[in-house]
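Here is the file protein-v5.tsv (TSV, C-alpha atoms).
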```
chain	number	residue	atom	x	y	z
Z	134	MET	CA	125.17	100.51	77.94
Z	135	LEU	CA	123.81	99.53	74.58
Z	136	VAL	CA	124.85	101.58	71.54
Z	137	THR	CA	122.33	101.89	68.70
Z	138	PRO	CA	123.38	100.50	65.28
Z	139	SER	CA	124.08	103.09	62.61
Z	140	VAL	CA	124.71	103.35	58.88
Z	141	HIS	CA	127.30	105.64	57.29
Z	142	HIS	CA	127.33	106.66	53.66
Z	143	LEU	CA	130.67	107.32	52.00
Z	144	SER	CA	131.14	110.01	49.37
Z	145	PRO	CA	134.65	109.40	48.04
Z	146	GLN	CA	134.53	112.48	45.81
Z	147	HIS	CA	133.84	114.77	48.76
Z	148	GLY	CA	135.81	112.81	51.33
Z	149	THR	CA	132.79	112.65	53.60
Z	150	LEU	CA	131.15	110.01	55.75
Z	151	SER	CA	127.60	110.56	56.96
Z	152	ALA	CA	126.77	110.49	60.68
Z	153	SER	CA	130.44	110.99	61.52
Z	154	THR	CA	131.64	112.10	64.95
Z	155	THR	CA	134.92	113.83	64.05
Z	156	ARG	CA	136.29	115.86	61.16
Z	157	TYR	CA	139.61	117.71	60.91
Z	158	GLU	CA	141.78	119.19	58.24
Z	159	LYS	CA	145.51	119.67	57.92
Z	160	ARG	CA	146.90	122.65	56.06
Z	161	LEU	CA	150.33	123.13	54.60
Z	162	SER	CA	151.45	125.00	57.73
Z	163	ASP	CA	150.63	121.91	59.82
Z	164	LEU	CA	153.19	119.98	57.77
Z	165	ALA	CA	156.15	122.29	58.48
Z	166	GLY	CA	159.37	120.34	58.89
Z	167	LEU	CA	158.25	117.25	57.01
Z	168	TYR	CA	159.82	118.13	53.67
Z	169	ALA	CA	163.50	118.03	52.70
Z	170	ASP	CA	163.29	121.14	50.52
Z	171	ALA	CA	162.63	123.94	53.04
Z	172	ALA	CA	162.84	126.67	50.42
Z	173	ALA	CA	160.22	124.97	48.28
Z	174	PHE	CA	158.02	124.55	51.35
Z	175	ASP	CA	158.30	128.25	52.24
Z	176	ALA	CA	157.53	129.23	48.67
Z	177	ALA	CA	154.43	127.00	48.62
Z	178	LEU	CA	153.24	128.39	51.94
Z	179	GLY	CA	153.83	131.91	50.68
Z	180	SER	CA	151.28	131.36	47.95
Z	181	GLY	CA	148.61	130.30	50.46
Z	182	ASP	CA	148.10	127.99	53.41
Z	183	ARG	CA	146.12	125.39	51.51
Z	184	VAL	CA	144.24	122.43	52.95
Z	185	VAL	CA	146.30	119.32	52.15
Z	186	TYR	CA	144.06	116.66	53.62
Z	187	THR	CA	140.90	116.12	55.62
Z	188	VAL	CA	139.94	113.19	57.82
Z	189	GLU	CA	136.36	112.39	58.78
Z	190	ASP	CA	135.53	109.46	61.01
Z	191	PHE	CA	132.99	107.69	63.14
Z	192	ARG	CA	134.23	106.87	66.62
Z	193	PRO	CA	131.47	105.27	68.69
Z	194	SER	CA	133.73	105.04	71.75
Z	195	GLY	CA	137.38	104.83	72.76
Z	196	ALA	CA	136.87	101.50	74.48
Z	197	SER	CA	139.22	98.56	74.00
Z	198	GLY	CA	137.66	96.13	71.56
Z	199	ASP	CA	135.63	98.80	69.76
Z	200	LEU	CA	136.37	100.10	66.23
Z	201	CYS	CA	136.82	103.52	64.61
Z	202	PHE	CA	136.46	104.04	60.85
Z	203	GLY	CA	136.51	106.89	58.39
Z	204	VAL	CA	137.86	108.50	55.25
Z	205	THR	CA	140.96	110.52	54.33
Z	206	HIS	CA	140.85	112.89	51.35
Z	207	MET	CA	144.28	114.23	50.26
Z	208	LEU	CA	144.87	116.68	47.43
Z	209	PRO	CA	147.60	116.12	44.86
Z	210	GLY	CA	150.64	118.34	45.06
Z	211	ARG	CA	154.40	118.56	45.47
Z	212	ILE	CA	156.95	120.32	47.64
Z	213	GLY	CA	160.13	120.16	45.59
Z	214	ASP	CA	160.30	116.56	44.41
Z	215	GLU	CA	158.25	115.20	47.33
Z	216	PHE	CA	154.52	114.56	47.12
Z	217	PHE	CA	151.81	115.72	49.48
Z	218	MET	CA	151.61	113.28	52.37
Z	219	THR	CA	150.14	112.79	55.83
Z	220	ARG	CA	152.13	113.55	58.95
Z	221	GLY	CA	152.38	109.84	59.67
Z	222	HIS	CA	152.20	108.11	63.03
Z	223	ILE	CA	152.54	104.98	65.05
Z	224	HIS	CA	149.66	104.04	67.32
Z	225	ALA	CA	150.04	105.25	70.90
Z	226	VAL	CA	149.12	101.68	71.82
Z	227	ALA	CA	151.76	100.53	69.37
Z	228	ASN	CA	150.52	96.99	68.77
Z	229	ARG	CA	147.27	98.17	67.20
Z	230	PRO	CA	146.98	97.59	63.42
Z	231	GLU	CA	145.04	99.55	60.79
Z	232	THR	CA	143.51	98.88	57.39
Z	233	TYR	CA	143.56	101.43	54.56
Z	234	ARG	CA	141.50	100.89	51.46
Z	235	GLY	CA	142.01	102.87	48.28
Z	236	GLU	CA	138.83	104.56	47.01
Z	237	LEU	CA	140.06	107.08	44.44
Z	238	GLY	CA	143.43	108.14	43.10
Z	239	GLN	CA	146.89	106.67	43.40
Z	240	GLY	CA	148.96	106.55	46.55
Z	241	VAL	CA	151.65	104.78	48.47
Z	242	MET	CA	151.60	103.64	52.08
Z	243	VAL	CA	155.09	104.01	53.54
Z	244	MET	CA	155.64	101.76	56.55
Z	245	GLU	CA	158.66	101.57	58.83
Z	246	SER	CA	159.20	99.03	61.58
Z	247	PRO	CA	160.78	99.98	64.91
Z	248	ASP	CA	164.13	98.49	63.80
Z	249	GLY	CA	164.07	100.37	60.49
Z	250	GLN	CA	162.67	97.94	57.94
Z	251	VAL	CA	160.78	99.79	55.20
Z	252	VAL	CA	157.84	98.50	53.16
Z	253	THR	CA	155.98	100.59	50.58
Z	254	LEU	CA	152.69	99.34	49.13
Z	255	GLN	CA	150.53	100.97	46.51
Z	256	VAL	CA	147.07	102.16	47.53
Z	257	THR	CA	144.74	101.89	44.56
Z	258	PRO	CA	140.96	101.62	44.31
Z	259	GLY	CA	139.84	98.25	45.68
Z	260	ALA	CA	143.15	97.45	47.39
Z	261	THR	CA	143.31	97.24	51.18
Z	262	VAL	CA	146.69	97.68	52.87
Z	263	TYR	CA	147.06	95.95	56.23
Z	264	VAL	CA	149.40	97.91	58.50
Z	265	PRO	CA	150.39	95.35	61.14
Z	266	PRO	CA	150.98	96.13	64.83
Z	267	CYS	CA	154.02	98.31	65.61
Z	268	TRP	CA	154.58	99.78	62.12
Z	269	ILE	CA	154.90	103.55	61.64
Z	270	HIS	CA	152.82	104.54	58.62
Z	271	ARG	CA	152.27	107.52	56.34
Z	272	SER	CA	150.30	107.85	53.12
Z	273	VAL	CA	151.55	109.74	50.08
Z	274	ASN	CA	149.52	111.00	47.13
Z	275	THR	CA	151.64	110.00	44.14
Z	276	GLY	CA	148.94	110.82	41.59
Z	277	THR	CA	147.50	113.88	39.92
Z	278	GLU	CA	144.02	113.51	41.43
Z	279	PRO	CA	142.87	113.43	45.07
Z	280	LEU	CA	143.88	110.30	46.98
Z	281	VAL	CA	140.88	109.03	48.92
Z	282	MET	CA	141.22	106.16	51.38
Z	283	THR	CA	138.95	104.60	53.98
Z	284	PHE	CA	140.41	103.20	57.17
Z	285	VAL	CA	139.49	101.10	60.18
Z	286	TYR	CA	141.43	100.82	63.42
Z	287	PRO	CA	140.82	99.66	66.98
Z	288	ALA	CA	139.14	102.45	68.93
Z	289	ASP	CA	141.78	102.43	71.68
Z	290	SER	CA	144.76	102.81	69.30
Z	291	GLY	CA	145.58	106.51	69.69
Z	292	GLN	CA	148.22	108.22	67.57
Z	293	ASP	CA	151.81	109.13	68.36
Z	294	TYR	CA	152.88	111.70	65.76
Z	295	GLY	CA	156.19	112.47	67.52
Z	296	ILE	CA	157.90	109.19	66.68
Z	297	ILE	CA	158.79	110.36	63.18
Z	298	ALA	CA	160.25	113.69	64.34
Z	299	ARG	CA	162.33	111.89	66.98
Z	300	SER	CA	164.11	110.00	64.16
Z	301	ASN	CA	164.41	113.12	61.96
Z	302	GLY	CA	161.79	111.81	59.56
Z	303	MET	CA	161.01	108.39	58.16
Z	304	ARG	CA	163.88	106.35	56.76
Z	305	VAL	CA	162.79	106.88	53.17
Z	306	ARG	CA	161.16	109.70	51.26
Z	307	VAL	CA	158.85	109.21	48.29
Z	308	VAL	CA	159.89	111.45	45.40
Z	309	ALA	CA	158.70	112.01	41.86
Z	310	ASP	CA	160.63	110.47	39.02
Z	311	ALA	CA	160.09	109.73	35.36
Z	312	ARG	CA	158.24	106.45	36.15
Z	313	GLY	CA	156.00	108.13	38.71
Z	314	TRP	CA	157.66	107.72	42.08
Z	315	ARG	CA	160.55	106.09	43.86
Z	316	THR	CA	161.97	106.04	47.38
Z	317	VAL	CA	165.22	107.71	48.39
Z	318	GLU	CA	167.07	107.32	51.68
Z	319	ASN	CA	166.69	110.13	54.20
Z	320	PRO	CA	170.31	110.88	55.21
Z	321	ARG	CA	169.19	112.53	58.46
Z	322	TRP	CA	167.31	109.44	59.67
Z	323	ARG	CA	168.36	108.30	63.14
Z	324	PRO	CA	167.99	104.60	63.94
Z	325	ARG	CA	166.05	103.91	67.13
Z	326	THR	CA	167.98	102.55	70.11
Z	327	GLU	CA	167.44	99.05	71.46
Z	328	ALA	CA	165.57	100.59	74.39
Z	329	GLU	CA	163.27	102.56	72.07
Z	330	ILE	CA	162.57	99.45	70.00
Z	331	ALA	CA	161.80	97.37	73.09
Z	332	ALA	CA	159.44	100.06	74.42
Z	333	ILE	CA	157.45	100.06	71.17
Z	334	HIS	CA	157.09	96.29	71.16
Z	335	ALA	CA	156.02	96.35	74.82
Z	336	SER	CA	153.25	98.91	74.15
Z	337	GLY	CA	149.92	97.14	74.28
Z	338	ALA	CA	151.47	93.68	74.26
D	45	MET	CA	157.19	89.20	66.49
D	46	LEU	CA	156.86	91.62	63.63
D	47	VAL	CA	154.24	90.85	60.95
D	48	THR	CA	154.98	92.00	57.40
D	49	PRO	CA	152.55	94.52	55.83
D	50	SER	CA	150.36	93.16	53.07
D	51	VAL	CA	147.96	94.35	50.39
D	52	HIS	CA	144.68	92.62	49.51
D	53	HIS	CA	142.75	93.16	46.31
D	54	LEU	CA	138.98	92.85	46.42
D	55	SER	CA	136.99	91.40	43.55
D	56	PRO	CA	133.36	92.11	44.49
D	57	GLN	CA	132.03	90.22	41.46
D	58	HIS	CA	133.82	87.03	42.47
D	59	GLY	CA	133.59	87.57	46.23
D	60	THR	CA	137.34	87.12	46.57
D	61	LEU	CA	140.11	88.86	48.48
D	62	SER	CA	143.69	88.26	47.44
D	63	ALA	CA	146.24	86.91	49.92
D	64	SER	CA	143.44	85.71	52.19
D	65	THR	CA	143.97	83.20	54.98
D	66	THR	CA	140.50	81.61	55.20
D	67	ARG	CA	137.67	80.77	52.81
D	68	TYR	CA	134.50	78.81	53.52
D	69	GLU	CA	131.14	78.30	51.92
D	70	LYS	CA	127.70	77.58	53.34
D	71	ARG	CA	125.26	75.46	51.38
D	72	LEU	CA	121.52	75.21	51.74
D	73	SER	CA	121.90	72.14	53.97
D	74	ASP	CA	123.97	74.21	56.41
D	75	LEU	CA	120.96	76.49	56.86
D	76	ALA	CA	118.51	73.78	57.92
D	77	GLY	CA	116.15	75.02	60.62
D	78	LEU	CA	116.51	78.71	59.87
D	79	TYR	CA	113.43	79.07	57.69
D	80	ALA	CA	109.80	79.15	58.78
D	81	ASP	CA	108.56	77.21	55.77
D	82	ALA	CA	110.05	73.73	56.27
D	83	ALA	CA	108.28	72.27	53.22
D	84	ALA	CA	109.68	74.99	50.97
D	85	PHE	CA	113.14	74.36	52.43
D	86	ASP	CA	112.91	70.62	51.77
D	87	ALA	CA	111.71	71.25	48.24
D	88	ALA	CA	114.61	73.65	47.57
D	89	LEU	CA	117.12	71.20	49.01
D	90	GLY	CA	115.61	68.44	46.89
D	91	SER	CA	116.53	70.31	43.75
D	92	GLY	CA	120.17	70.54	44.81
D	93	ASP	CA	122.34	71.53	47.77
D	94	ARG	CA	123.39	74.89	46.37
D	95	VAL	CA	126.04	77.20	47.75
D	96	VAL	CA	124.21	80.13	49.39
D	97	TYR	CA	127.17	82.22	50.52
D	98	THR	CA	130.93	82.26	50.71
D	99	VAL	CA	133.18	84.14	53.11
D	100	GLU	CA	136.84	84.89	52.42
D	101	ASP	CA	138.97	86.75	54.92
D	102	PHE	CA	142.41	87.78	56.02
D	103	ARG	CA	143.14	86.98	59.63
D	104	PRO	CA	146.70	87.92	60.52
D	105	SER	CA	146.28	86.64	64.11
D	106	GLY	CA	143.66	86.03	66.76
D	107	ALA	CA	145.31	88.43	69.18
D	108	SER	CA	143.38	91.03	71.14
D	109	GLY	CA	143.80	94.39	69.46
D	110	ASP	CA	144.37	92.90	65.99
D	111	LEU	CA	141.85	93.05	63.11
D	112	CYS	CA	140.29	90.55	60.71
D	113	PHE	CA	138.71	91.63	57.41
D	114	GLY	CA	137.13	90.02	54.39
D	115	VAL	CA	134.24	89.67	52.00
D	116	THR	CA	130.88	87.85	51.99
D	117	HIS	CA	129.24	86.90	48.69
D	118	MET	CA	125.61	85.74	48.99
D	119	LEU	CA	123.43	84.59	46.11
D	120	PRO	CA	119.87	85.82	45.70
D	121	GLY	CA	117.10	83.37	46.46
D	122	ARG	CA	114.05	82.59	48.51
D	123	ILE	CA	112.70	79.84	50.75
D	124	GLY	CA	108.97	80.44	50.80
D	125	ASP	CA	108.63	84.17	51.40
D	126	GLU	CA	111.99	84.45	53.20
D	127	PHE	CA	115.17	85.54	51.47
D	128	PHE	CA	118.55	83.85	51.49
D	129	MET	CA	120.41	84.94	54.61
D	130	THR	CA	123.43	84.16	56.74
D	131	ARG	CA	123.17	81.98	59.82
D	132	GLY	CA	123.72	85.03	62.00
D	133	HIS	CA	125.72	85.29	65.20
D	134	ILE	CA	126.78	87.30	68.20
D	135	HIS	CA	130.48	87.56	68.92
D	136	ALA	CA	131.76	84.97	71.38
D	137	VAL	CA	133.41	87.95	73.07
D	138	ALA	CA	130.05	89.69	72.93
D	139	ASN	CA	131.22	93.29	73.29
D	140	ARG	CA	133.13	93.21	69.99
D	141	PRO	CA	131.59	95.29	67.17
D	142	GLU	CA	131.75	94.78	63.40
D	143	THR	CA	131.48	96.92	60.28
D	144	TYR	CA	129.77	95.72	57.09
D	145	ARG	CA	130.07	97.70	53.89
D	146	GLY	CA	127.85	97.12	50.90
D	147	GLU	CA	129.78	96.46	47.68
D	148	LEU	CA	127.19	95.04	45.29
D	149	GLY	CA	123.51	94.24	45.50
D	150	GLN	CA	120.82	95.07	48.01
D	151	GLY	CA	120.58	93.69	51.51
D	152	VAL	CA	119.41	94.23	55.03
D	153	MET	CA	121.35	93.82	58.26
D	154	VAL	CA	119.03	92.50	60.94
D	155	MET	CA	120.28	93.28	64.44
D	156	GLU	CA	118.80	92.19	67.77
D	157	SER	CA	119.97	93.34	71.20
D	158	PRO	CA	120.14	90.96	74.15
D	159	ASP	CA	116.86	92.39	75.53
D	160	GLY	CA	115.09	92.02	72.20
D	161	GLN	CA	115.30	95.41	70.52
D	162	VAL	CA	115.39	95.02	66.73
D	163	VAL	CA	117.06	97.35	64.21
D	164	THR	CA	117.18	96.70	60.47
D	165	LEU	CA	119.46	98.79	58.24
D	166	GLN	CA	119.84	98.60	54.49
D	167	VAL	CA	123.19	97.48	53.10
D	168	THR	CA	123.77	99.19	49.78
D	169	PRO	CA	126.95	99.96	47.81
D	170	GLY	CA	128.96	102.61	49.68
D	171	ALA	CA	127.03	102.28	52.96
D	172	THR	CA	128.77	100.93	56.05
D	173	VAL	CA	126.65	99.48	58.84
D	174	TYR	CA	128.16	99.65	62.31
D	175	VAL	CA	127.05	96.68	64.43
D	176	PRO	CA	127.76	97.84	68.00
D	177	PRO	CA	128.99	95.60	70.81
D	178	CYS	CA	126.50	92.96	72.02
D	179	TRP	CA	124.14	92.96	69.03
D	180	ILE	CA	123.21	89.70	67.30
D	181	HIS	CA	123.41	90.23	63.55
D	182	ARG	CA	122.44	88.51	60.32
D	183	SER	CA	122.52	89.72	56.72
D	184	VAL	CA	119.73	89.08	54.24
D	185	ASN	CA	119.90	89.35	50.45
D	186	THR	CA	116.70	91.22	49.58
D	187	GLY	CA	117.71	91.79	45.95
D	188	THR	CA	117.78	89.85	42.72
D	189	GLU	CA	121.58	89.97	42.33
D	190	PRO	CA	124.35	88.70	44.61
D	191	LEU	CA	124.76	90.67	47.83
D	192	VAL	CA	128.46	91.38	48.36
D	193	MET	CA	129.69	92.98	51.58
D	194	THR	CA	133.10	93.60	53.11
D	195	PHE	CA	133.56	93.44	56.86
D	196	VAL	CA	136.08	94.24	59.57
D	197	TYR	CA	136.02	92.97	63.14
D	198	PRO	CA	138.42	92.67	66.06
D	199	ALA	CA	140.52	89.52	65.63
D	200	ASP	CA	139.59	88.15	69.06
D	201	SER	CA	135.81	88.41	68.53
D	202	GLY	CA	134.89	84.81	67.76
D	203	GLN	CA	131.39	83.80	66.70
D	204	ASP	CA	128.55	82.27	68.72
D	205	TYR	CA	126.08	80.85	66.21
D	206	GLY	CA	124.00	79.09	68.88
D	207	ILE	CA	122.47	82.21	70.40
D	208	ILE	CA	119.86	82.44	67.65
D	209	ALA	CA	118.80	78.79	67.93
D	210	ARG	CA	118.50	79.13	71.72
D	211	SER	CA	115.77	81.77	71.18
D	212	ASN	CA	114.09	79.80	68.37
D	213	GLY	CA	115.33	82.23	65.76
D	214	MET	CA	115.69	85.99	65.66
D	215	ARG	CA	112.74	88.08	66.82
D	216	VAL	CA	111.86	89.18	63.28
D	217	ARG	CA	112.01	87.56	59.88
D	218	VAL	CA	112.61	89.45	56.65
D	219	VAL	CA	110.05	88.47	54.02
D	220	ALA	CA	109.27	89.50	50.48
D	221	ASP	CA	106.38	91.83	49.85
D	222	ALA	CA	105.13	94.05	47.05
D	223	ARG	CA	107.46	96.90	48.06
D	224	GLY	CA	110.48	94.60	48.29
D	225	TRP	CA	110.74	93.43	51.86
D	226	ARG	CA	109.31	93.88	55.32
D	227	THR	CA	109.82	92.35	58.74
D	228	VAL	CA	107.35	90.07	60.46
D	229	GLU	CA	107.40	88.90	64.05
D	230	ASN	CA	108.64	85.37	64.70
D	231	PRO	CA	105.93	83.87	66.94
D	232	ARG	CA	108.31	81.17	68.23
D	233	TRP	CA	110.88	83.71	69.48
D	234	ARG	CA	111.80	83.24	73.15
D	235	PRO	CA	112.93	86.33	75.08
D	236	ARG	CA	116.25	85.90	76.86
D	237	THR	CA	116.20	85.71	80.65
D	238	GLU	CA	117.70	88.42	82.85
D	239	ALA	CA	120.59	86.05	83.57
D	240	GLU	CA	121.23	85.45	79.86
D	241	ILE	CA	121.15	89.18	79.17
D	242	ALA	CA	123.56	89.93	82.01
D	243	ALA	CA	125.96	87.22	80.80
D	244	ILE	CA	126.08	88.74	77.33
D	245	HIS	CA	126.81	92.22	78.64
D	246	ALA	CA	129.52	90.83	80.90
D	247	SER	CA	131.30	89.07	78.01
D	248	GLY	CA	134.44	91.02	77.20
D	249	ALA	CA	133.47	94.01	79.34
```

Full structure transcribed into structure tokens:
Amino acid sequence: MLVTPSVHHLSPQHGTLSASTTRYEKRLSDLAGLYADAAAFDAALGSGDRVVYTVEDFRPSGASGDLCFGVTHMLPGRIGDEFFMTRGHIHAVANRPETYRGELGQGVMVMESPDGQVVTLQVTPGATVYVPPCWIHRSVNTGTEPLVMTFVYPADSGQDYGIIARSNGMRVRVVADARGWRTVENPRWRPRTEAEIAAIHASGA
Amino acid sequence: MLVTPSVHHLSPQHGTLSASTTRYEKRLSDLAGLYADAAAFDAALGSGDRVVYTVEDFRPSGASGDLCFGVTHMLPGRIGDEFFMTRGHIHAVANRPETYRGELGQGVMVMESPDGQVVTLQVTPGATVYVPPCWIHRSVNTGTEPLVMTFVYPADSGQDYGIIARSNGMRVRVVADARGWRTVENPRWRPRTEAEIAAIHASGA
């Protein structure tokens, strides 16, 4: 079965990709439980269930060996001292990587390995972050303008959003400070067991 | 084996990607046999074996499920009425796709299916061409400035450069005309046999 070639035009300002196959948005209410400051979250939600980010992508198939690509558009904002961020995930087929390229704005990719190593890399226009196999990842808008990123990942990757909740969040949080942002330890973070770590490394390998 | 996340800065003007793992260049002499006008090719080569294009990429591994990404920088130029172009290839694991995004300049992606369908799509800044599984592809600089593209493909794709020579070139050539460019049939093109077509579709499936 031959698929016809296609061309897709990116509008970073609008967070759109032409001839896409999927588009979804996440509102504040979809991010319940992610933030340390529950009172600040409730107050923000009380003033309106805003869209925080949208994702639009082109997914020709879900076949192994194929690719999916698209664009994420995330508004700036804060809940207490934490920035707006994505839910974060590991790939359901854990050994699948992903690339994120900064298009507009200023962000941070927070990555956590199964055994709890943390790497944060800045996402700026023209920079591509490579998220290697088996790293949990979440993007954070640390700027005052929308953070727009394009991404590519293997079409059979899937997403497991539960892995972060099962450890009571990621190991670090990204919070505002006088220099812009910094990471702080999440005291509720639960290290994964040896069995959990082994299962992640076995997924897709 | 856990790979460390990395960030890669693109310089479209220079055709470079920071923290890359591979860089190669193709000179005019590497493109012998691709052009219809052999006398024009010999004359061009006689005035110097210029670099036509460079490719720089980041290849974390060759494992199935991993990704490779990078940048191609191709100078403008002509050999007779044909533009500077890449050698062109199909993936050695033929069912692997590729994305090409225009960064600078004006180009055309020429794609040919195993059974000889031809699709040409313009590569312009902000446009991403999706080359589906099993399509032979070659990029052509139809402009007067360097054509710079970024690409992503599955790390286990490989490249088969011989497929084009085995059919005496691609089915169409891209030539200059008053409007900019057009395609013309290649009279020497040899259709692939049923057995060749079946072998391509079986590769990686």

Contact set, chain D to chain Z: 8 Å, all atoms listed in the file, as number ranges by chain: D: 46-55, 108-111, 139-142, 155, 163, 165, 170-178, 196-198

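CA of Gly181 in chain Z lies 28.2 Å from CA of Ile296 in chain Z.
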
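Among the candidate residues Z:Arg304, Z:Arg299, Z:Arg323, Z:His206, the one lying nearest to Ser272 in chain Z is Z:His206, with distances computed using only C-alpha atoms.
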
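With distances restricted to only C-alpha atoms, D:Asp125 is the closest residue to Gly224 in chain D from D:Asp93, D:Glu147, D:Asp159, D:Asp125.
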
Distance of CA of Ser153 in chain Z from CA of Leu280 in chain Z, expressed in Å to one decimal place: 19.8 Å

Please work out which residues fall within 12 Å of (119.8, 76.1, 60.9), coordinates as given in the file, with all atoms listed in the file counting, and return them as a short mmCIF file (atom, residue, chain, number, x, y, z; two decimals) with C-alpha atoms, in the frame of the given file.
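Generated file (point20.cif):
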```
data_model
loop_
_atom_site.label_atom_id
_atom_site.label_comp_id
_atom_site.auth_asym_id
_atom_site.auth_seq_id
_atom_site.Cartn_x
_atom_site.Cartn_y
_atom_site.Cartn_z
CA LYS D 70 127.70 77.58 53.34
CA ARG D 71 125.26 75.46 51.38
CA LEU D 72 121.52 75.21 51.74
CA SER D 73 121.90 72.14 53.97
CA ASP D 74 123.97 74.21 56.41
CA LEU D 75 120.96 76.49 56.86
CA ALA D 76 118.51 73.78 57.92
CA GLY D 77 116.15 75.02 60.62
CA LEU D 78 116.51 78.71 59.87
CA TYR D 79 113.43 79.07 57.69
CA ALA D 80 109.80 79.15 58.78
CA ALA D 82 110.05 73.73 56.27
CA PHE D 85 113.14 74.36 52.43
CA MET D 129 120.41 84.94 54.61
CA THR D 130 123.43 84.16 56.74
CA ARG D 131 123.17 81.98 59.82
CA GLY D 132 123.72 85.03 62.00
CA HIS D 133 125.72 85.29 65.20
CA TYR D 205 126.08 80.85 66.21
CA GLY D 206 124.00 79.09 68.88
CA ILE D 207 122.47 82.21 70.40
CA ILE D 208 119.86 82.44 67.65
CA ALA D 209 118.80 78.79 67.93
CA ARG D 210 118.50 79.13 71.72
CA ASN D 212 114.09 79.80 68.37
CA GLY D 213 115.33 82.23 65.76
CA MET D 214 115.69 85.99 65.66
#
```

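Interatomic distance, CA of Arg236 in chain D against CA of Gly160 in chain D: 7.8 Å.
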